[in-house]
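Trainee: Here you go, data07.txt (compact mmCIF, C-alpha atoms):
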```
# COMPACT_ATOMS: atom_id res chain seq x y z
CA MET P 1412 8.11 -38.35 30.39
CA PRO P 1413 10.16 -37.59 27.24
CA VAL P 1414 13.42 -39.49 26.98
CA VAL P 1415 16.21 -37.57 25.26
CA LYS P 1416 18.85 -40.29 25.26
CA THR P 1417 19.07 -43.93 26.31
CA VAL P 1418 22.11 -46.03 27.09
CA GLU P 1419 21.80 -49.72 27.93
CA LEU P 1420 24.61 -51.56 29.66
CA PRO P 1421 24.94 -55.22 30.64
CA LEU P 1422 25.51 -56.06 34.30
CA THR P 1423 27.00 -59.50 34.61
CA ARG P 1424 30.53 -58.94 35.90
CA GLN P 1425 32.17 -56.69 38.51
CA GLU P 1426 33.82 -54.70 35.74
CA ASP P 1427 30.36 -53.84 34.39
CA VAL P 1428 29.68 -51.93 37.62
CA VAL P 1429 32.66 -49.69 36.78
CA ALA P 1430 31.28 -49.10 33.27
CA VAL P 1431 27.89 -48.09 34.72
CA ARG P 1432 29.59 -45.63 37.08
CA GLN P 1433 31.58 -44.09 34.25
CA ARG P 1434 28.63 -43.82 31.87
CA THR P 1435 26.43 -42.31 34.58
CA ARG P 1436 29.14 -39.76 35.28
CA SER P 1437 29.56 -38.75 31.64
CA LEU P 1438 25.80 -38.36 31.12
CA GLY P 1439 25.58 -36.36 34.36
CA VAL P 1440 28.28 -34.05 33.02
CA GLU P 1441 26.42 -33.83 29.70
CA ILE P 1442 23.24 -32.45 31.30
CA GLY P 1443 25.17 -30.17 33.63
CA LEU P 1444 24.54 -31.76 37.02
CA THR P 1445 26.64 -30.18 39.79
CA ILE P 1446 29.67 -32.16 40.89
CA VAL P 1447 27.91 -33.11 44.13
CA ASP P 1448 24.79 -34.28 42.30
CA GLN P 1449 26.92 -36.24 39.84
CA THR P 1450 28.74 -37.93 42.69
CA LYS P 1451 25.48 -38.78 44.45
CA ILE P 1452 23.85 -40.42 41.45
CA VAL P 1453 27.06 -42.21 40.45
CA THR P 1454 27.42 -43.58 43.98
CA ALA P 1455 23.79 -44.72 44.03
CA ALA P 1456 24.32 -46.30 40.59
CA SER P 1457 27.33 -48.16 41.90
CA GLU P 1458 25.40 -49.59 44.87
CA LEU P 1459 22.46 -50.69 42.73
CA ALA P 1460 24.59 -52.06 39.89
CA ARG P 1461 26.51 -54.18 42.39
CA ASN P 1462 23.20 -55.47 43.80
CA THR P 1463 22.14 -56.49 40.29
CA VAL P 1464 25.39 -58.37 39.70
CA ILE P 1465 25.73 -60.02 43.12
CA HIS P 1466 22.20 -60.52 44.42
CA GLY P 1467 20.28 -60.51 41.14
CA GLY P 1468 22.66 -62.87 39.39
CA GLY P 1469 23.19 -60.31 36.64
CA GLY P 1470 20.92 -58.14 34.55
CA LYS P 1471 21.12 -54.78 32.89
CA ALA P 1472 21.22 -51.06 33.58
CA THR P 1473 19.40 -48.46 31.50
CA ILE P 1474 20.58 -44.88 31.82
CA GLU P 1475 18.35 -42.18 30.36
CA ILE P 1476 18.40 -38.45 30.03
CA VAL P 1477 14.81 -37.42 30.70
CA LYS P 1478 12.88 -34.18 30.48
CA GLU P 1479 9.90 -33.11 32.53
CA ALA P 1480 8.44 -29.64 31.96
CA SER P 1481 11.57 -27.52 31.73
CA LYS P 1482 13.84 -29.65 33.87
CA GLN P 1483 16.30 -32.30 32.84
CA GLY P 1484 17.53 -35.26 34.79
CA LEU P 1485 19.09 -38.69 34.77
CA ARG P 1486 16.92 -41.76 35.24
CA LEU P 1487 18.53 -45.11 35.90
CA THR P 1488 16.84 -48.50 35.87
CA PHE P 1489 18.43 -51.69 37.18
CA GLU P 1490 16.75 -54.95 36.27
CA ASP P 1491 17.52 -58.55 37.05
CA CYS P 1492 15.73 -61.88 36.84
CA GLY P 1493 17.17 -63.08 40.14
CA PRO P 1494 15.56 -64.49 43.26
CA GLY P 1495 13.77 -61.26 44.20
CA ILE P 1496 13.56 -59.65 47.63
CA PRO P 1497 11.06 -61.33 50.00
CA ASP P 1498 10.82 -58.49 52.52
CA LEU P 1499 11.27 -55.13 50.79
CA GLU P 1500 10.58 -53.09 53.89
CA ARG P 1501 13.37 -54.81 55.75
CA ALA P 1502 15.72 -54.68 52.76
CA MET P 1503 15.35 -50.89 52.69
CA GLN P 1504 16.49 -50.54 56.30
CA ASP P 1505 20.06 -49.44 56.95
CA GLY P 1506 22.19 -52.20 58.34
CA TYR P 1507 20.04 -55.06 57.07
CA THR P 1508 21.97 -57.26 54.68
CA SER P 1509 21.41 -60.67 53.19
CA GLY P 1510 25.04 -60.94 52.21
CA ALA P 1511 28.34 -59.78 53.57
CA GLY P 1512 27.82 -56.09 52.80
CA LEU P 1513 27.14 -53.16 55.07
CA GLY P 1514 23.44 -53.08 54.28
CA LEU P 1515 23.58 -49.48 53.11
CA GLY P 1516 22.97 -50.05 49.41
CA LEU P 1517 19.21 -49.68 49.04
CA GLY P 1518 18.46 -47.20 51.81
CA GLY P 1519 21.58 -45.21 51.02
CA SER P 1520 20.79 -45.07 47.30
CA LYS P 1521 17.33 -43.78 48.07
CA ARG P 1522 18.79 -40.93 50.13
CA LEU P 1523 21.14 -40.00 47.27
CA CYS P 1524 18.39 -39.59 44.69
CA ASN P 1525 15.32 -37.44 44.11
CA ASP P 1526 13.12 -40.33 42.94
CA PHE P 1527 13.34 -43.95 43.99
CA ALA P 1528 11.10 -46.88 43.11
CA ILE P 1529 11.60 -50.59 43.66
CA GLU P 1530 9.57 -53.57 42.50
CA SER P 1531 10.48 -57.11 43.35
CA LYS P 1532 8.80 -60.47 42.91
CA VAL P 1533 10.17 -63.53 44.61
CA GLY P 1534 11.45 -65.95 42.00
CA LYS P 1535 10.97 -63.38 39.20
CA GLY P 1536 13.42 -60.57 39.76
CA THR P 1537 13.91 -57.01 40.90
CA ARG P 1538 13.69 -53.63 39.23
CA VAL P 1539 14.95 -50.42 40.82
CA THR P 1540 14.44 -47.01 39.20
CA ILE P 1541 16.12 -43.86 40.45
CA ALA P 1542 16.33 -40.31 39.17
CA ARG P 1543 18.29 -37.21 39.96
CA TRP P 1544 17.07 -33.88 38.57
CA LYS P 1545 19.17 -30.92 37.63
CA ALA P 1546 18.70 -28.33 40.37
CA MET Y 353 46.88 -59.61 37.46
CA GLU Y 354 45.88 -55.98 37.80
CA ARG Y 355 47.16 -54.42 41.04
CA ILE Y 356 47.41 -51.09 42.81
CA PRO Y 357 51.11 -50.34 43.50
CA ILE Y 358 52.26 -49.98 47.11
CA LEU Y 359 55.34 -47.82 47.77
CA LYS Y 360 57.56 -48.02 50.84
CA MET Y 361 58.99 -44.87 52.39
CA GLY Y 362 60.88 -45.42 55.62
CA SER Y 363 58.56 -47.33 57.89
CA PHE Y 364 55.45 -46.21 56.01
CA LEU Y 365 53.56 -47.68 53.08
CA LEU Y 366 52.06 -45.31 50.54
CA VAL Y 367 49.21 -46.06 48.18
CA THR Y 368 47.69 -43.74 45.60
CA ILE Y 369 44.49 -45.08 44.11
CA GLN Y 370 44.27 -43.64 40.62
CA VAL Y 371 41.90 -45.99 38.87
CA ASP Y 372 38.20 -46.65 39.19
CA MET Y 373 38.50 -49.93 41.08
CA HIS Y 374 36.23 -52.89 40.54
CA ASP Y 375 35.50 -54.88 43.68
CA GLN Y 376 38.13 -57.57 43.20
CA LEU Y 377 40.85 -54.97 42.70
CA ALA Y 378 39.84 -53.36 45.99
CA MET Y 379 39.95 -56.73 47.75
CA THR Y 380 43.38 -57.44 46.27
CA LEU Y 381 44.66 -54.10 47.56
CA GLN Y 382 43.34 -54.94 51.03
CA ASP Y 383 45.14 -58.29 51.00
CA ASP Y 384 48.36 -56.87 49.52
CA LEU Y 385 48.52 -54.06 52.05
CA THR Y 386 47.95 -56.37 54.98
CA ALA Y 387 50.72 -58.67 53.76
CA ARG Y 388 53.10 -55.78 53.16
CA ILE Y 389 52.54 -54.30 56.65
CA VAL Y 390 53.96 -57.51 58.04
CA SER Y 391 56.70 -58.18 55.48
CA ASP Y 392 57.94 -54.57 55.48
CA ARG Y 393 57.38 -54.10 59.23
CA ALA Y 394 55.46 -50.94 58.45
CA SER Y 395 54.22 -48.72 61.25
CA GLY Y 396 51.95 -46.62 59.09
CA VAL Y 397 49.86 -46.73 55.93
CA LEU Y 398 48.90 -43.67 53.93
CA ILE Y 399 46.16 -44.04 51.32
CA ASP Y 400 45.69 -41.16 48.91
CA ILE Y 401 42.19 -41.13 47.42
CA SER Y 402 42.35 -37.67 45.83
CA SER Y 403 41.87 -39.19 42.37
CA LEU Y 404 38.74 -41.09 43.38
CA ASP Y 405 35.56 -39.33 42.32
CA VAL Y 406 33.36 -42.02 43.88
CA VAL Y 407 33.64 -43.91 47.15
CA ASP Y 408 30.71 -46.26 47.55
CA SER Y 409 29.90 -48.58 50.45
CA PHE Y 410 32.20 -51.28 49.10
CA ILE Y 411 35.25 -49.03 48.87
CA GLY Y 412 34.30 -47.46 52.20
CA ARG Y 413 34.20 -50.90 53.77
CA MET Y 414 37.57 -51.76 52.24
CA LEU Y 415 39.12 -48.62 53.74
CA GLY Y 416 37.65 -49.52 57.12
CA ASN Y 417 38.93 -53.08 56.85
CA ILE Y 418 42.43 -51.90 55.97
CA ALA Y 419 42.47 -49.53 58.94
CA ALA Y 420 41.21 -52.25 61.29
CA MET Y 421 43.63 -54.90 60.04
CA ALA Y 422 46.53 -52.44 60.17
CA ARG Y 423 45.64 -51.55 63.75
CA VAL Y 424 45.70 -55.19 64.77
CA LEU Y 425 49.12 -55.40 63.16
CA ASP Y 426 50.29 -52.33 65.11
CA ALA Y 427 50.21 -49.91 62.19
CA GLU Y 428 48.28 -46.65 61.78
CA THR Y 429 46.27 -45.85 58.67
CA VAL Y 430 45.54 -42.38 57.34
CA VAL Y 431 43.26 -41.77 54.36
CA VAL Y 432 44.05 -38.47 52.65
CA GLY Y 433 42.73 -36.23 49.90
CA MET Y 434 39.03 -37.03 49.90
CA GLN Y 435 37.14 -34.81 47.46
CA PRO Y 436 34.43 -32.63 49.09
CA SER Y 437 31.69 -34.12 46.90
CA VAL Y 438 32.77 -37.60 47.98
CA ALA Y 439 32.63 -36.60 51.65
CA ILE Y 440 29.11 -35.18 51.25
CA THR Y 441 27.93 -38.29 49.42
CA LEU Y 442 29.49 -40.74 51.87
CA VAL Y 443 27.81 -39.17 54.86
CA GLU Y 444 24.46 -39.05 53.07
CA LEU Y 445 24.91 -42.68 52.05
CA GLY Y 446 25.22 -43.44 55.77
CA LEU Y 447 28.93 -44.12 55.90
CA SER Y 448 30.97 -41.85 58.16
CA LEU Y 449 34.06 -44.09 58.10
CA PRO Y 450 34.32 -44.62 61.86
CA GLY Y 451 37.75 -45.68 63.01
CA ILE Y 452 39.50 -44.25 59.96
CA ARG Y 453 41.89 -41.36 60.42
CA THR Y 454 41.74 -38.81 57.65
CA ALA Y 455 43.83 -35.84 56.61
CA LEU Y 456 43.30 -33.18 53.97
CA ASN Y 457 46.41 -33.96 51.98
CA VAL Y 458 49.53 -36.13 51.85
CA ASP Y 459 51.66 -33.64 53.86
CA ARG Y 460 49.23 -33.60 56.75
CA GLY Y 461 48.76 -37.33 56.55
CA MET Y 462 52.49 -37.90 56.82
CA GLU Y 463 52.62 -35.54 59.80
CA LEU Y 464 49.94 -37.60 61.51
CA LEU Y 465 51.80 -40.84 60.87
CA ARG Y 466 55.10 -39.39 62.11
CA ALA Y 467 53.42 -38.02 65.24
CA GLY Y 468 51.93 -41.45 65.86
CA ASN Y 469 55.38 -42.95 65.50
CA ASN Y 470 56.78 -40.76 68.26
CA GLY Y 471 55.19 -42.78 70.99
CA ASP Y 472 51.71 -41.30 71.04
CA SER Y 473 50.21 -44.60 70.03
CA ASN Y 474 46.72 -43.70 71.16
CA ALA Y 475 46.35 -40.66 68.92
CA GLY Y 476 43.27 -40.98 66.79
CA ARG Y 477 42.18 -44.25 68.32
CA GLU Y 478 39.32 -42.74 70.31
CA ASN Y 479 36.87 -44.53 68.08
CA GLY Y 480 38.35 -47.92 68.75
```
Would you mind writing the structure in this file as structure tokens?

Mentor:
Amino acid sequence: MPVVKTVELPLTRQEDVVAVRQRTRSLGVEIGLTIVDQTKIVTAASELARNTVIHGGGGKATIEIVKEASKQGLRLTFEDCGPGIPDLERAMQDGYTSGAGLGLGLGGSKRLCNDFAIESKVGKGTRVTIARWKA
Amino acid sequence: MERIPILKMGSFLLVTIQVDMHDQLAMTLQDDLTARIVSDRASGVLIDISSLDVVDSFIGRMLGNIAAMARVLDAETVVVGMQPSVAITLVELGLSLPGIRTALNVDRGMELLRAGNNGDSNAGRENG
């Protein structure tokens, strides 16, 4: 899948989550996503970026403008080298949380995107990739 | 320290969130508002989120916490001005903000608070 533009951002502090939201928004505007689609991917980005900072012990976000056939979209990857998620199936369920959150982050993010993929190895880390395509 | 300003108008507290809040800033607002409800003897809190282009589960939880804490302290909370795209996203995310009263704009929010002040203390508490 051709990548038109790549932006890499660190995710170590809470403020970095804000930067990821803002960068995702500006790239969404750049490719002409509707305001609703922008808001959906930015919200998903916020949930996943926070997971990287809090549960993953920090990591990085990669935001890309990608092209497939004639359509354009945003693809976001969140990577950490944290403890990993032992039970992915359970982690994806709404309401399940290992921390103090609402447990909506993973399942909710999936609903807000067109593509969603998660890989996690206990003791190694977690990588989540999402994409939202221009309608 | 960075803070969201809280204004007092009569017996109500008004907050307009105009910055993209990081989590600690949201937590500070929650604590500040709770303290001010008591110190200012406020009977209502109006939170204007019309400038927010994203409300994620953390901010949603903060709004819910403020409403719940205010209720315990005998104050009503109204969240006003939510952008349509935010409403669509919140519901899809799985967050329907139960227990939070909302109004389209500040005028309507103030009306709700004033109506609540006139003795109808159960208005909008059906979810409770």

Trainee: Give the residues of chain Y that lie within 6 Å of chain P; count all atoms listed in the file, and format the answer as number ranges by chain.

Mentor: Y: 374, 408, 437, 441, 445

Trainee: Under the rule that all atoms listed in the file are counted, which of P:Thr1508, P:Thr1435, P:Asn1462, P:Asn1525 is the nearest residue to Asp1491 in chain P?

Mentor: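 Of the candidates, the smallest distance to Asp1491 in chain P is held by P:Asn1462.
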
Trainee: Please, what is the axis-aligned box for every listed atom of range 1522-1532 of chain P with 8 Å on each side, as centre and edge lengths in Å to one decimal, as lines of an AutoDock Vina configuration file?

Mentor:
```
center_x = 15.0
center_y = -49.0
center_z = 46.3
size_x = 28.3
size_y = 39.0
size_z = 23.6
```

Trainee: List every protein, DNA or RNA residue that has an atom no more than 10 Å from (22.2, -53.3, 28.1) in the file's coordinate frame, counting only C-alpha atoms, and report them as an MDAnalysis selection string.

Mentor: chainID P and resid 1418:1422 1470:1474 1489:1490

Trainee: Provide the CA of Ser1509 in chain P to CA of Leu1487 in chain P distance in Å, to one decimal place.

Mentor: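 Distance between the two atoms: 23.4 Å.
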
Trainee: Counting only C-alpha atoms, find the residues whose atoms lie at most 9 Å from (8.7, -63.6, 41.3) (file coordinates) and write them out as a list of chain:residue names.

Mentor: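 Collected hits near the coordinates: P:Cys1492, P:Gly1493, P:Pro1494, P:Gly1495, P:Ile1496, P:Ser1531, P:Lys1532, P:Val1533, P:Gly1534, P:Lys1535, P:Gly1536, P:Thr1537.
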
Trainee: With distances taken over all atoms listed in the file, which residue among P:Cys1524, P:Ala1460, P:Ile1465, P:Ala1480 lies nearest Arg1538 in chain P?

Mentor: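 For Arg1538 in chain P, the nearest of the given residues is P:Ala1460.
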
Trainee: Using Å and a single decimal, report how far CA of Leu1485 in chain P sits from CA of Val1415 in chain P.

Mentor: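 We find that CA of Val1415 in chain P and CA of Leu1485 in chain P lie 10.0 Å from each other.
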
Trainee: Some atoms are absent from range 363-382 of chain Y, so rebuild N, CA, C and O atoms and return them as a compact mmCIF listing (two decimals), keeping the file's coordinate frame.

Mentor:
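This is the output file part-v1.txt:
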```txt
# COMPACT_ATOMS: atom_id res chain seq x y z
N SER Y 363 59.37 -46.26 57.29
CA SER Y 363 58.56 -47.33 57.89
C SER Y 363 57.09 -47.22 57.48
O SER Y 363 56.22 -47.83 58.09
N PHE Y 364 56.84 -46.40 56.45
CA PHE Y 364 55.45 -46.21 56.01
C PHE Y 364 55.21 -46.81 54.63
O PHE Y 364 56.11 -46.89 53.80
N LEU Y 365 53.98 -47.22 54.41
CA LEU Y 365 53.56 -47.68 53.08
C LEU Y 365 52.63 -46.63 52.48
O LEU Y 365 51.76 -46.10 53.16
N LEU Y 366 52.86 -46.33 51.21
CA LEU Y 366 52.06 -45.31 50.54
C LEU Y 366 51.30 -45.91 49.36
O LEU Y 366 51.87 -46.64 48.55
N VAL Y 367 50.03 -45.56 49.28
CA VAL Y 367 49.21 -46.06 48.18
C VAL Y 367 48.45 -44.88 47.58
O VAL Y 367 47.84 -44.09 48.31
N THR Y 368 48.51 -44.74 46.27
CA THR Y 368 47.69 -43.74 45.60
C THR Y 368 46.75 -44.48 44.67
O THR Y 368 47.18 -45.16 43.74
N ILE Y 369 45.47 -44.38 44.96
CA ILE Y 369 44.49 -45.08 44.11
C ILE Y 369 44.11 -44.15 42.97
O ILE Y 369 43.51 -43.09 43.19
N GLN Y 370 44.49 -44.53 41.76
CA GLN Y 370 44.27 -43.64 40.62
C GLN Y 370 43.35 -44.21 39.57
O GLN Y 370 43.13 -43.60 38.55
N VAL Y 371 42.83 -45.40 39.84
CA VAL Y 371 41.90 -45.99 38.87
C VAL Y 371 40.55 -46.23 39.54
O VAL Y 371 40.46 -46.30 40.76
N ASP Y 372 39.53 -46.31 38.71
CA ASP Y 372 38.20 -46.65 39.19
C ASP Y 372 38.21 -48.16 39.46
O ASP Y 372 38.18 -48.95 38.53
N MET Y 373 38.29 -48.52 40.73
CA MET Y 373 38.50 -49.93 41.08
C MET Y 373 37.22 -50.76 40.99
O MET Y 373 36.18 -50.35 41.50
N HIS Y 374 37.32 -51.93 40.38
CA HIS Y 374 36.23 -52.89 40.54
C HIS Y 374 36.47 -53.61 41.87
O HIS Y 374 37.54 -53.50 42.48
N ASP Y 375 35.47 -54.36 42.31
CA ASP Y 375 35.50 -54.88 43.68
C ASP Y 375 36.70 -55.78 43.94
O ASP Y 375 37.31 -55.72 45.01
N GLN Y 376 37.03 -56.64 42.97
CA GLN Y 376 38.13 -57.57 43.20
C GLN Y 376 39.46 -56.84 43.36
O GLN Y 376 40.29 -57.22 44.18
N LEU Y 377 39.62 -55.76 42.60
CA LEU Y 377 40.85 -54.97 42.70
C LEU Y 377 40.97 -54.36 44.10
O LEU Y 377 42.05 -54.33 44.69
N ALA Y 378 39.84 -53.92 44.64
CA ALA Y 378 39.84 -53.36 45.99
C ALA Y 378 40.20 -54.44 47.02
O ALA Y 378 40.96 -54.20 47.96
N MET Y 379 39.65 -55.64 46.82
CA MET Y 379 39.95 -56.73 47.75
C MET Y 379 41.43 -57.12 47.67
O MET Y 379 42.06 -57.42 48.69
N THR Y 380 41.98 -57.10 46.45
CA THR Y 380 43.38 -57.44 46.27
C THR Y 380 44.27 -56.41 46.99
O THR Y 380 45.25 -56.78 47.64
N LEU Y 381 43.89 -55.15 46.88
CA LEU Y 381 44.66 -54.10 47.56
C LEU Y 381 44.64 -54.33 49.07
O LEU Y 381 45.67 -54.21 49.75
N GLN Y 382 43.47 -54.67 49.59
CA GLN Y 382 43.34 -54.94 51.03
C GLN Y 382 44.28 -56.08 51.45
O GLN Y 382 45.01 -55.95 52.45
```
